[in-house]
file start.cif (mmCIF, C-alpha atoms)
data_model
loop_
_atom_site.group_PDB
_atom_site.id
_atom_site.type_symbol
_atom_site.label_atom_id
_atom_site.label_comp_id
_atom_site.auth_asym_id
_atom_site.auth_seq_id
_atom_site.Cartn_x
_atom_site.Cartn_y
_atom_site.Cartn_z
ATOM 1 C CA MET C 1 -11.315 3.843 23.855
ATOM 2 C CA SER C 2 -10.233 0.284 23.001
ATOM 3 C CA ILE C 3 -6.881 -0.913 21.668
ATOM 4 C CA ARG C 4 -7.242 -3.008 18.516
ATOM 5 C CA PRO C 5 -5.983 -6.561 19.108
ATOM 6 C CA ILE C 6 -3.599 -7.957 16.509
ATOM 7 C CA LYS C 7 -5.091 -10.539 14.162
ATOM 8 C CA SER C 8 -1.828 -11.490 12.497
ATOM 9 C CA ILE C 9 1.770 -10.456 11.875
ATOM 10 C CA VAL C 10 3.462 -11.810 8.762
ATOM 11 C CA GLN C 11 6.364 -10.858 6.550
ATOM 12 C CA SER C 12 5.916 -9.814 2.942
ATOM 13 C CA GLN C 13 6.894 -12.519 0.479
ATOM 14 C CA PRO C 14 9.278 -12.290 -2.519
ATOM 15 C CA THR C 15 7.574 -12.323 -5.899
ATOM 16 C CA ILE C 16 8.177 -11.210 -9.482
ATOM 17 C CA GLU C 17 5.846 -8.914 -11.425
ATOM 18 C CA GLY C 18 5.819 -6.909 -14.650
ATOM 19 C CA ALA C 19 8.692 -7.756 -16.983
ATOM 20 C CA GLY C 20 10.738 -9.315 -14.186
ATOM 21 C CA VAL C 21 10.673 -6.847 -11.291
ATOM 22 C CA LYS C 22 11.665 -8.426 -7.982
ATOM 23 C CA LEU C 23 9.503 -7.134 -5.137
ATOM 24 C CA ARG C 24 7.867 -8.175 -1.869
ATOM 25 C CA ARG C 25 4.100 -8.726 -1.591
ATOM 26 C CA ALA C 26 2.544 -7.967 1.796
ATOM 27 C CA PHE C 27 -0.913 -9.236 0.748
ATOM 28 C CA GLY C 28 -2.940 -9.782 -2.396
ATOM 29 C CA PHE C 29 -4.165 -12.362 -4.921
ATOM 30 C CA GLY C 30 -5.742 -14.497 -2.243
ATOM 31 C CA LYS C 31 -8.161 -14.063 0.628
ATOM 32 C CA THR C 32 -8.222 -10.298 1.097
ATOM 33 C CA SER C 33 -11.641 -9.805 2.735
ATOM 34 C CA GLU C 34 -9.981 -8.838 6.030
ATOM 35 C CA PHE C 35 -8.294 -5.938 4.217
ATOM 36 C CA ASP C 36 -11.450 -4.773 2.359
ATOM 37 C CA PRO C 37 -11.526 -2.258 0.597
ATOM 38 C CA PHE C 38 -7.817 -2.886 -0.094
ATOM 39 C CA LEU C 39 -6.753 -5.688 -2.396
ATOM 40 C CA LEU C 40 -2.971 -5.729 -2.582
ATOM 41 C CA LEU C 41 0.158 -4.092 -1.189
ATOM 42 C CA ASP C 42 3.508 -4.438 -2.971
ATOM 43 C CA ASP C 43 6.830 -3.257 -1.558
ATOM 44 C CA PHE C 44 9.133 -2.592 -4.530
ATOM 45 C CA ARG C 45 12.191 -1.432 -2.616
ATOM 46 C CA ASN C 46 15.324 -2.673 -4.356
ATOM 47 C CA ASP C 47 18.954 -1.549 -4.403
ATOM 48 C CA HIS C 48 19.949 -3.493 -7.532
ATOM 49 C CA PRO C 49 18.923 -1.915 -10.881
ATOM 50 C CA GLU C 50 18.985 -5.252 -12.716
ATOM 51 C CA ASP C 51 16.130 -6.371 -10.440
ATOM 52 C CA TYR C 52 13.721 -3.561 -11.378
ATOM 53 C CA LEU C 53 14.727 -1.741 -14.597
ATOM 54 C CA ALA C 54 12.564 -3.994 -16.815
ATOM 55 C CA GLY C 55 9.606 -2.322 -15.128
ATOM 56 C CA PHE C 56 5.897 -2.791 -15.718
ATOM 57 C CA PRO C 57 5.221 -2.413 -19.472
ATOM 58 C CA TRP C 58 1.764 -1.725 -20.908
ATOM 59 C CA HIS C 59 -0.996 -3.504 -18.995
ATOM 60 C CA PRO C 60 -4.723 -2.927 -18.322
ATOM 61 C CA HIS C 61 -6.617 -2.001 -15.181
ATOM 62 C CA ARG C 62 -10.360 -1.810 -14.535
ATOM 63 C CA GLY C 63 -12.498 -1.548 -11.412
ATOM 64 C CA ILE C 64 -9.766 -0.487 -8.984
ATOM 65 C CA GLU C 65 -7.536 2.354 -7.852
ATOM 66 C CA THR C 66 -3.753 2.057 -7.702
ATOM 67 C CA ILE C 67 -1.795 4.151 -5.200
ATOM 68 C CA THR C 68 1.935 4.510 -5.884
ATOM 69 C CA TYR C 69 4.134 6.067 -3.177
ATOM 70 C CA VAL C 70 7.789 6.677 -4.084
ATOM 71 C CA LEU C 71 10.508 6.926 -1.418
ATOM 72 C CA SER C 72 13.662 6.886 -3.577
ATOM 73 C CA GLY C 73 14.292 6.948 -7.312
ATOM 74 C CA THR C 74 11.666 7.808 -9.913
ATOM 75 C CA VAL C 75 8.817 6.084 -11.738
ATOM 76 C CA GLN C 76 8.147 7.162 -15.329
ATOM 77 C CA HIS C 77 4.531 6.521 -16.285
ATOM 78 C CA GLY C 78 2.284 6.804 -19.328
ATOM 79 C CA ASP C 79 -1.190 5.675 -20.329
ATOM 80 C CA SER C 80 -3.636 5.143 -23.178
ATOM 81 C CA LEU C 81 -5.256 8.540 -22.531
ATOM 82 C CA GLY C 82 -2.028 10.323 -23.434
ATOM 83 C CA ASN C 83 -0.936 11.174 -19.903
ATOM 84 C CA ARG C 84 2.798 11.135 -19.225
ATOM 85 C CA GLY C 85 4.765 11.991 -16.126
ATOM 86 C CA SER C 86 7.365 11.129 -13.518
ATOM 87 C CA LEU C 87 7.019 10.407 -9.814
ATOM 88 C CA GLY C 88 9.978 11.347 -7.626
ATOM 89 C CA SER C 89 10.974 10.888 -4.011
ATOM 90 C CA GLY C 90 8.047 11.597 -1.687
ATOM 91 C CA ASP C 91 5.501 11.821 -4.528
ATOM 92 C CA VAL C 92 2.198 9.933 -4.708
ATOM 93 C CA GLN C 93 0.010 8.970 -7.650
ATOM 94 C CA TRP C 94 -3.566 7.902 -6.936
ATOM 95 C CA MET C 95 -4.911 6.461 -10.194
ATOM 96 C CA THR C 96 -8.598 5.616 -10.506
ATOM 97 C CA ALA C 97 -8.701 3.062 -13.332
ATOM 98 C CA GLY C 98 -12.508 3.020 -13.350
ATOM 99 C CA SER C 99 -13.928 1.740 -16.645
ATOM 100 C CA GLY C 100 -10.514 0.868 -17.990
ATOM 101 C CA ILE C 101 -7.076 2.166 -18.822
ATOM 102 C CA LEU C 102 -3.841 0.846 -20.274
ATOM 103 C CA HIS C 103 -0.690 2.157 -18.661
ATOM 104 C CA GLN C 104 2.953 1.463 -17.954
ATOM 105 C CA GLU C 105 5.282 2.216 -15.041
ATOM 106 C CA MET C 106 9.034 2.189 -15.532
ATOM 107 C CA PRO C 107 11.166 2.583 -12.372
ATOM 108 C CA ARG C 108 14.542 4.316 -12.377
ATOM 109 C CA GLY C 109 16.908 4.337 -9.410
ATOM 110 C CA ASP C 110 18.443 7.291 -7.638
ATOM 111 C CA GLU C 111 22.140 8.202 -7.861
ATOM 112 C CA ARG C 112 22.970 5.171 -5.691
ATOM 113 C CA GLY C 113 20.819 2.799 -7.760
ATOM 114 C CA ARG C 114 18.029 2.545 -5.163
ATOM 115 C CA MET C 115 14.395 2.230 -6.171
ATOM 116 C CA HIS C 116 12.149 2.306 -3.106
ATOM 117 C CA GLY C 117 8.389 2.594 -2.999
ATOM 118 C CA PHE C 118 5.019 0.944 -2.546
ATOM 119 C CA GLN C 119 1.909 0.238 -4.582
ATOM 120 C CA LEU C 120 -1.453 -0.286 -2.902
ATOM 121 C CA TRP C 121 -4.601 -1.392 -4.741
ATOM 122 C CA ALA C 122 -7.990 -0.220 -3.492
ATOM 123 C CA ASN C 123 -11.234 -1.724 -4.753
ATOM 124 C CA LEU C 124 -14.001 0.403 -6.263
ATOM 125 C CA PRO C 125 -17.648 -0.161 -5.290
ATOM 126 C CA GLN C 126 -20.001 -1.556 -7.915
ATOM 127 C CA SER C 127 -21.501 1.898 -8.480
ATOM 128 C CA LEU C 128 -18.095 3.275 -9.551
ATOM 129 C CA LYS C 129 -16.544 0.322 -11.372
ATOM 130 C CA MET C 130 -17.189 1.980 -14.742
ATOM 131 C CA THR C 131 -16.507 5.573 -13.732
ATOM 132 C CA ASP C 132 -14.206 7.744 -15.879
ATOM 133 C CA PRO C 133 -10.493 7.130 -15.234
ATOM 134 C CA ARG C 134 -8.639 9.938 -13.445
ATOM 135 C CA TYR C 135 -5.336 10.754 -11.807
ATOM 136 C CA GLN C 136 -4.366 12.570 -8.667
ATOM 137 C CA ASP C 137 -0.634 13.269 -8.946
ATOM 138 C CA ILE C 138 0.642 14.643 -5.639
ATOM 139 C CA LEU C 139 4.092 16.185 -5.181
ATOM 140 C CA GLY C 140 5.882 15.322 -1.979
ATOM 141 C CA LYS C 141 6.003 18.983 -0.925
ATOM 142 C CA ASP C 142 2.209 19.110 -0.981
ATOM 143 C CA ILE C 143 1.732 16.238 1.473
ATOM 144 C CA PRO C 144 1.239 17.714 4.959
ATOM 145 C CA GLU C 145 3.427 16.470 7.786
ATOM 146 C CA VAL C 146 2.560 16.716 11.470
ATOM 147 C CA VAL C 147 5.258 16.576 14.160
ATOM 148 C CA ASP C 148 4.202 15.809 17.748
ATOM 149 C CA ASP C 149 6.011 16.991 20.885
ATOM 150 C CA ASP C 150 7.741 13.625 21.345
ATOM 151 C CA GLY C 151 9.202 13.743 17.821
ATOM 152 C CA THR C 152 6.624 11.476 16.165
ATOM 153 C CA ARG C 153 6.155 12.476 12.511
ATOM 154 C CA VAL C 154 3.153 11.652 10.348
ATOM 155 C CA ARG C 155 2.798 12.386 6.624
ATOM 156 C CA VAL C 156 -0.918 12.539 5.768
ATOM 157 C CA VAL C 157 -1.398 11.254 2.203
ATOM 158 C CA ALA C 158 -5.160 10.727 2.414
ATOM 159 C CA GLY C 159 -7.806 11.338 5.052
ATOM 160 C CA SER C 160 -7.645 13.585 8.099
ATOM 161 C CA PHE C 161 -5.287 13.163 11.030
ATOM 162 C CA TRP C 162 -4.145 15.418 13.891
ATOM 163 C CA GLY C 163 -5.784 18.468 12.302
ATOM 164 C CA LYS C 164 -4.316 17.945 8.821
ATOM 165 C CA THR C 165 -6.055 16.626 5.710
ATOM 166 C CA GLY C 166 -4.194 14.812 2.952
ATOM 167 C CA PRO C 167 -4.347 16.118 -0.632
ATOM 168 C CA VAL C 168 -5.950 12.955 -2.096
ATOM 169 C CA GLU C 169 -9.718 13.385 -2.197
ATOM 170 C CA GLY C 170 -12.957 11.969 -3.578
ATOM 171 C CA ILE C 171 -12.123 8.309 -2.865
ATOM 172 C CA ALA C 172 -15.107 6.017 -2.305
ATOM 173 C CA ALA C 173 -13.678 4.084 0.643
ATOM 174 C CA GLU C 174 -12.722 7.292 2.470
ATOM 175 C CA PRO C 175 -9.270 5.863 3.184
ATOM 176 C CA ARG C 176 -6.706 7.151 5.617
ATOM 177 C CA TYR C 177 -3.157 6.633 4.359
ATOM 178 C CA LEU C 178 -0.386 7.680 6.751
ATOM 179 C CA ASP C 179 3.411 7.438 6.705
ATOM 180 C CA VAL C 180 4.375 7.297 10.400
ATOM 181 C CA TRP C 181 7.757 7.660 12.148
ATOM 182 C CA VAL C 182 8.013 7.042 15.915
ATOM 183 C CA PRO C 183 11.359 7.871 17.588
ATOM 184 C CA PRO C 184 13.388 5.279 19.526
ATOM 185 C CA GLY C 185 11.759 4.080 22.748
ATOM 186 C CA VAL C 186 8.585 6.157 22.332
ATOM 187 C CA ARG C 187 5.218 4.504 22.978
ATOM 188 C CA LYS C 188 2.515 6.039 20.803
ATOM 189 C CA THR C 189 -1.215 5.543 20.349
ATOM 190 C CA PHE C 190 -3.037 6.425 17.123
ATOM 191 C CA PRO C 191 -6.811 6.670 16.648
ATOM 192 C CA VAL C 192 -8.410 4.449 13.983
ATOM 193 C CA GLU C 193 -12.185 4.583 13.499
ATOM 194 C CA SER C 194 -13.826 1.361 14.664
ATOM 195 C CA SER C 195 -15.847 1.054 11.431
ATOM 196 C CA ARG C 196 -12.683 0.617 9.340
ATOM 197 C CA HIS C 197 -10.370 -2.227 8.501
ATOM 198 C CA ALA C 198 -6.792 -1.283 9.341
ATOM 199 C CA PHE C 199 -3.254 -2.549 8.821
ATOM 200 C CA ALA C 200 0.310 -1.344 9.320
ATOM 201 C CA TYR C 201 3.348 -2.153 7.189
ATOM 202 C CA VAL C 202 6.786 -1.625 8.759
ATOM 203 C CA PHE C 203 9.607 -0.518 6.456
ATOM 204 C CA GLU C 204 12.233 0.974 8.765
ATOM 205 C CA GLY C 205 13.386 0.094 12.269
ATOM 206 C CA SER C 206 11.346 -2.113 14.572
ATOM 207 C CA GLY C 207 8.938 -2.007 17.488
ATOM 208 C CA SER C 208 6.174 -3.771 19.371
ATOM 209 C CA PHE C 209 2.544 -3.275 18.401
ATOM 210 C CA ARG C 210 0.685 -3.842 21.639
ATOM 211 C CA ASP C 211 -2.790 -5.266 21.903
ATOM 212 C CA ALA C 212 -5.017 -5.688 24.937
ATOM 213 C CA SER C 213 -2.882 -8.539 26.249
ATOM 214 C CA THR C 214 0.757 -9.155 25.363
ATOM 215 C CA PRO C 215 3.127 -7.512 22.876
ATOM 216 C CA ARG C 216 3.666 -9.697 19.838
ATOM 217 C CA GLY C 217 6.559 -9.941 17.442
ATOM 218 C CA VAL C 218 7.009 -11.503 14.040
ATOM 219 C CA LEU C 219 8.498 -14.957 13.592
ATOM 220 C CA THR C 220 11.747 -14.601 11.667
ATOM 221 C CA GLU C 221 14.469 -17.001 10.620
ATOM 222 C CA ARG C 222 17.968 -16.731 12.034
ATOM 223 C CA VAL C 223 20.905 -18.792 10.877
ATOM 224 C CA GLY C 224 22.650 -20.441 13.793
ATOM 225 C CA GLU C 225 25.964 -22.224 14.115
ATOM 226 C CA GLY C 226 26.583 -24.774 11.404
ATOM 227 C CA GLY C 227 24.016 -23.130 9.120
ATOM 228 C CA SER C 228 20.979 -24.373 11.037
ATOM 229 C CA ASP C 229 17.869 -22.181 10.948
ATOM 230 C CA THR C 230 15.854 -21.358 14.043
ATOM 231 C CA LEU C 231 12.616 -19.448 14.420
ATOM 232 C CA VAL C 232 12.626 -16.606 16.933
ATOM 233 C CA ARG C 233 10.022 -14.025 17.861
ATOM 234 C CA ASP C 234 11.507 -10.565 17.436
ATOM 235 C CA ASP C 235 10.109 -7.100 17.643
ATOM 236 C CA THR C 236 8.052 -6.385 14.553
ATOM 237 C CA GLY C 237 10.603 -5.234 11.990
ATOM 238 C CA ASN C 238 11.285 -4.422 8.376
ATOM 239 C CA ARG C 239 8.741 -5.742 5.853
ATOM 240 C CA SER C 240 6.293 -6.882 8.542
ATOM 241 C CA LEU C 241 2.545 -6.606 7.928
ATOM 242 C CA ILE C 242 0.302 -6.176 10.966
ATOM 243 C CA LEU C 243 -3.432 -6.772 10.539
ATOM 244 C CA PHE C 244 -5.574 -5.307 13.319
ATOM 245 C CA ASP C 245 -8.876 -6.539 14.702
ATOM 246 C CA SER C 246 -11.701 -4.211 15.764
ATOM 247 C CA GLY C 247 -11.230 -1.273 18.110
ATOM 248 C CA ASP C 248 -10.657 2.461 17.839
ATOM 249 C CA GLU C 249 -6.907 2.899 18.379
ATOM 250 C CA ILE C 250 -3.590 1.146 17.845
ATOM 251 C CA THR C 251 -0.468 1.373 19.990
ATOM 252 C CA VAL C 252 3.197 0.864 19.143
ATOM 253 C CA ARG C 253 6.420 1.117 21.131
ATOM 254 C CA ALA C 254 9.408 1.927 18.933
ATOM 255 C CA GLY C 255 12.621 -0.071 19.225
ATOM 256 C CA ASP C 256 16.178 1.228 19.584
ATOM 257 C CA GLN C 257 16.287 2.542 16.011
ATOM 258 C CA GLY C 258 12.756 3.952 15.987
ATOM 259 C CA ILE C 259 10.072 2.607 13.674
ATOM 260 C CA ARG C 260 8.546 3.809 10.418
ATOM 261 C CA PHE C 261 5.434 2.266 8.940
ATOM 262 C CA LEU C 262 2.450 2.839 6.690
ATOM 263 C CA LEU C 263 -0.824 2.959 8.655
ATOM 264 C CA VAL C 264 -3.738 2.414 6.289
ATOM 265 C CA SER C 265 -7.440 2.117 7.043
ATOM 266 C CA GLY C 266 -10.641 2.223 5.011
ATOM 267 C CA ARG C 267 -14.357 1.611 5.139
ATOM 268 C CA PRO C 268 -15.085 -1.937 3.879
ATOM 269 C CA LEU C 269 -17.232 -2.196 0.760
ATOM 270 C CA GLU C 270 -18.586 -5.675 1.655
ATOM 271 C CA GLU C 271 -19.311 -6.480 -1.990
ATOM 272 C CA PRO C 272 -18.591 -9.641 -3.993
ATOM 273 C CA VAL C 273 -15.210 -9.675 -5.723
ATOM 274 C CA ALA C 274 -14.424 -11.291 -9.096
ATOM 275 C CA TRP C 275 -10.705 -10.865 -9.625
ATOM 276 C CA ALA C 276 -8.207 -11.890 -12.282
ATOM 277 C CA GLY C 277 -4.897 -10.064 -12.526
ATOM 278 C CA PRO C 278 -5.249 -6.277 -12.828
ATOM 279 C CA ILE C 279 -9.031 -6.315 -13.381
ATOM 280 C CA VAL C 280 -11.422 -6.525 -10.432
ATOM 281 C CA MET C 281 -15.190 -6.686 -10.923
ATOM 282 C CA ASN C 282 -18.177 -7.952 -8.928
ATOM 283 C CA THR C 283 -19.170 -10.979 -11.030
ATOM 284 C CA GLU C 284 -17.429 -13.568 -13.174
ATOM 285 C CA ALA C 285 -19.567 -12.473 -16.137
ATOM 286 C CA GLU C 286 -18.273 -8.894 -15.798
ATOM 287 C CA LEU C 287 -14.743 -10.235 -15.589
ATOM 288 C CA ARG C 288 -15.117 -12.340 -18.740
ATOM 289 C CA LYS C 289 -16.595 -9.364 -20.570
ATOM 290 C CA ALA C 290 -13.660 -7.147 -19.596
ATOM 291 C CA TYR C 291 -11.098 -9.640 -20.863
ATOM 292 C CA ALA C 292 -13.082 -10.213 -24.071
ATOM 293 C CA GLU C 293 -12.955 -6.469 -24.739
ATOM 294 C CA LEU C 294 -9.157 -6.330 -24.628
ATOM 295 C CA PRO C 295 -8.485 -8.087 -27.961
ATOM 296 C CA ASP C 296 -11.467 -6.565 -29.784
ATOM 297 C CA GLY C 297 -10.489 -2.987 -28.988
ATOM 298 C CA THR C 298 -13.493 -1.997 -26.879
ATOM 299 C CA PHE C 299 -11.820 -2.119 -23.444
ATOM 300 C CA ILE C 300 -11.073 1.623 -23.358
ATOM 301 C CA LYS C 301 -14.367 3.491 -22.892
ATOM 302 C CA HIS C 302 -12.911 7.005 -22.691
ATOM 303 C CA PRO C 303 -10.243 7.376 -25.417
#
call {"tool": "encode", "arguments": {"input": "start.cif", "output": "structure tokens"}}
result
Amino acid sequence: MSIRPIKSIVQSQPTIEGAGVKLRRAFGFGKTSEFDPFLLLDDFRNDHPEDYLAGFPWHPHRGIETITYVLSGTVQHGDSLGNRGSLGSGDVQWMTAGSGILHQEMPRGDERGRMHGFQLWANLPQSLKMTDPRYQDILGKDIPEVVDDDGTRVRVVAGSFWGKTGPVEGIAAEPRYLDVWVPPGVRKTFPVESSRHAFAYVFEGSGSFRDASTPRGVLTERVGEGGSDTLVRDDTGNRSLILFDSGDEITVRAGDQGIRFLLVSGRPLEEPVAWAGPIVMNTEAELRKAYAELPDGTFIKHP
């Protein structure tokens, strides 16, 4: 067994999407080959309704899958195929856009005004770019959770882990999508197949992800006396993205408050990517064709 070294640790960056939703982007809309088959990860946790209520009005998708995981609040959704629904705390929606769909997502906070969740984009291989759109709406109660003897908890959204298999199925990249909690002070090792790209995204607590050499933390800004900023290397904490190199396991030691993170891995497609906004194809010609179909009414292939 070999521990995966850490390629990079960065913090997600503030951005605005939809009709003015303030969120944090862990990666996306740039060089994403190291995350292949994943394209983008957005962290839309927000405690202020004015920063998210405008939502994500009608917009197209083609050639990808969008995975929405809600922690707090709800997301009302609808699409051009007539589907309507609501995602609540703990729920997951795995939408295969395939040949094309128009949809909207409108977040609503919980009783305290909190809207917390994530959206991950996964690429589709060329052979499935124009497949029929479909949904896999998963209730939180149907996502298996495994608890180890040391108190470590893992929710298995997709893939197999510790004898449990997540409810999401039939995904080309055979992804493993885990929500992991490690108790304070516990050092834990998790298997990750060597043929997969893998990353972790921390959203509660902190800890040290250890590679074959030294533990590494994330560079963060602290305001010192007189308002001066200094860079310090802390334990990897909230909103930190860890990209792993090759190997077949990752190790983390939780800090004083424990650590909770998404651990995501998938088999790389290793195909060319032509990408503009919410449409991802293999060639620029396919991309131009998709955008030309939007105004002439031929974008939706399966009304």
call {"tool": "residues_around", "arguments": {"input": "start.cif", "residues": "region 3-13 of chain C", "least_positions_apart": "6", "cutoff": "6 Å", "atoms": "all atoms listed in the file", "output": "ChimeraX atom specification"}}
result
/C:24-26,211-212,218,239-247,249-250
call {"tool": "write_last_selection", "arguments": {"input": "start.cif", "atoms": "C-alpha atoms", "output": "JSON list (two decimals), in the frame of the given file"}}
result
[["chain", "number", "residue", "atom", "x", "y", "z"],
["C", 24, "ARG", "CA", 7.87, -8.18, -1.87],
["C", 25, "ARG", "CA", 4.10, -8.73, -1.59],
["C", 26, "ALA", "CA", 2.54, -7.97, 1.80],
["C", 211, "ASP", "CA", -2.79, -5.27, 21.90],
["C", 212, "ALA", "CA", -5.02, -5.69, 24.94],
["C", 218, "VAL", "CA", 7.01, -11.50, 14.04],
["C", 239, "ARG", "CA", 8.74, -5.74, 5.85],
["C", 240, "SER", "CA", 6.29, -6.88, 8.54],
["C", 241, "LEU", "CA", 2.54, -6.61, 7.93],
["C", 242, "ILE", "CA", 0.30, -6.18, 10.97],
["C", 243, "LEU", "CA", -3.43, -6.77, 10.54],
["C", 244, "PHE", "CA", -5.57, -5.31, 13.32],
["C", 245, "ASP", "CA", -8.88, -6.54, 14.70],
["C", 246, "SER", "CA", -11.70, -4.21, 15.76],
["C", 247, "GLY", "CA", -11.23, -1.27, 18.11],
["C", 249, "GLU", "CA", -6.91, 2.90, 18.38],
["C", 250, "ILE", "CA", -3.59, 1.15, 17.84]]
call {"tool": "resolve_selection", "arguments": {"input": "start.cif", "expression": "the PyMOL selection byres ((chain C and resi 273) around 9)", "output": "short mmCIF file (atom, residue, chain, number, x, y, z; two decimals) with C-alpha atoms, in the frame of the given file"}}
result
data_model
loop_
_atom_site.label_atom_id
_atom_site.label_comp_id
_atom_site.auth_asym_id
_atom_site.auth_seq_id
_atom_site.Cartn_x
_atom_site.Cartn_y
_atom_site.Cartn_z
CA ASN C 123 -11.23 -1.72 -4.75
CA GLU C 271 -19.31 -6.48 -1.99
CA PRO C 272 -18.59 -9.64 -3.99
CA ALA C 274 -14.42 -11.29 -9.10
CA TRP C 275 -10.70 -10.86 -9.62
CA VAL C 280 -11.42 -6.52 -10.43
CA MET C 281 -15.19 -6.69 -10.92
CA ASN C 282 -18.18 -7.95 -8.93
CA THR C 283 -19.17 -10.98 -11.03
CA GLU C 284 -17.43 -13.57 -13.17
#
call {"tool": "atom_distance", "arguments": {"input": "start.cif", "atom1": "CA of Pro295 (chain C)", "atom2": "CA of Pro57 (chain C)"}}
result
17.1 Å
call {"tool": "axis_aligned_box", "arguments": {"input": "start.cif", "around": "region 65-80 of chain C", "padding_each_side": "5 Å", "output": "AutoDock Vina command-line options"}}
result
--center_x 3.4 --center_y 4.9 --center_z -12.3 --size_x 31.8 --size_y 15.8 --size_z 31.8
call {"tool": "atom_distance", "arguments": {"input": "start.cif", "atom1": "CA of Arg260 (chain C)", "atom2": "CA of Gly163 (chain C)"}}
result
20.6 Å
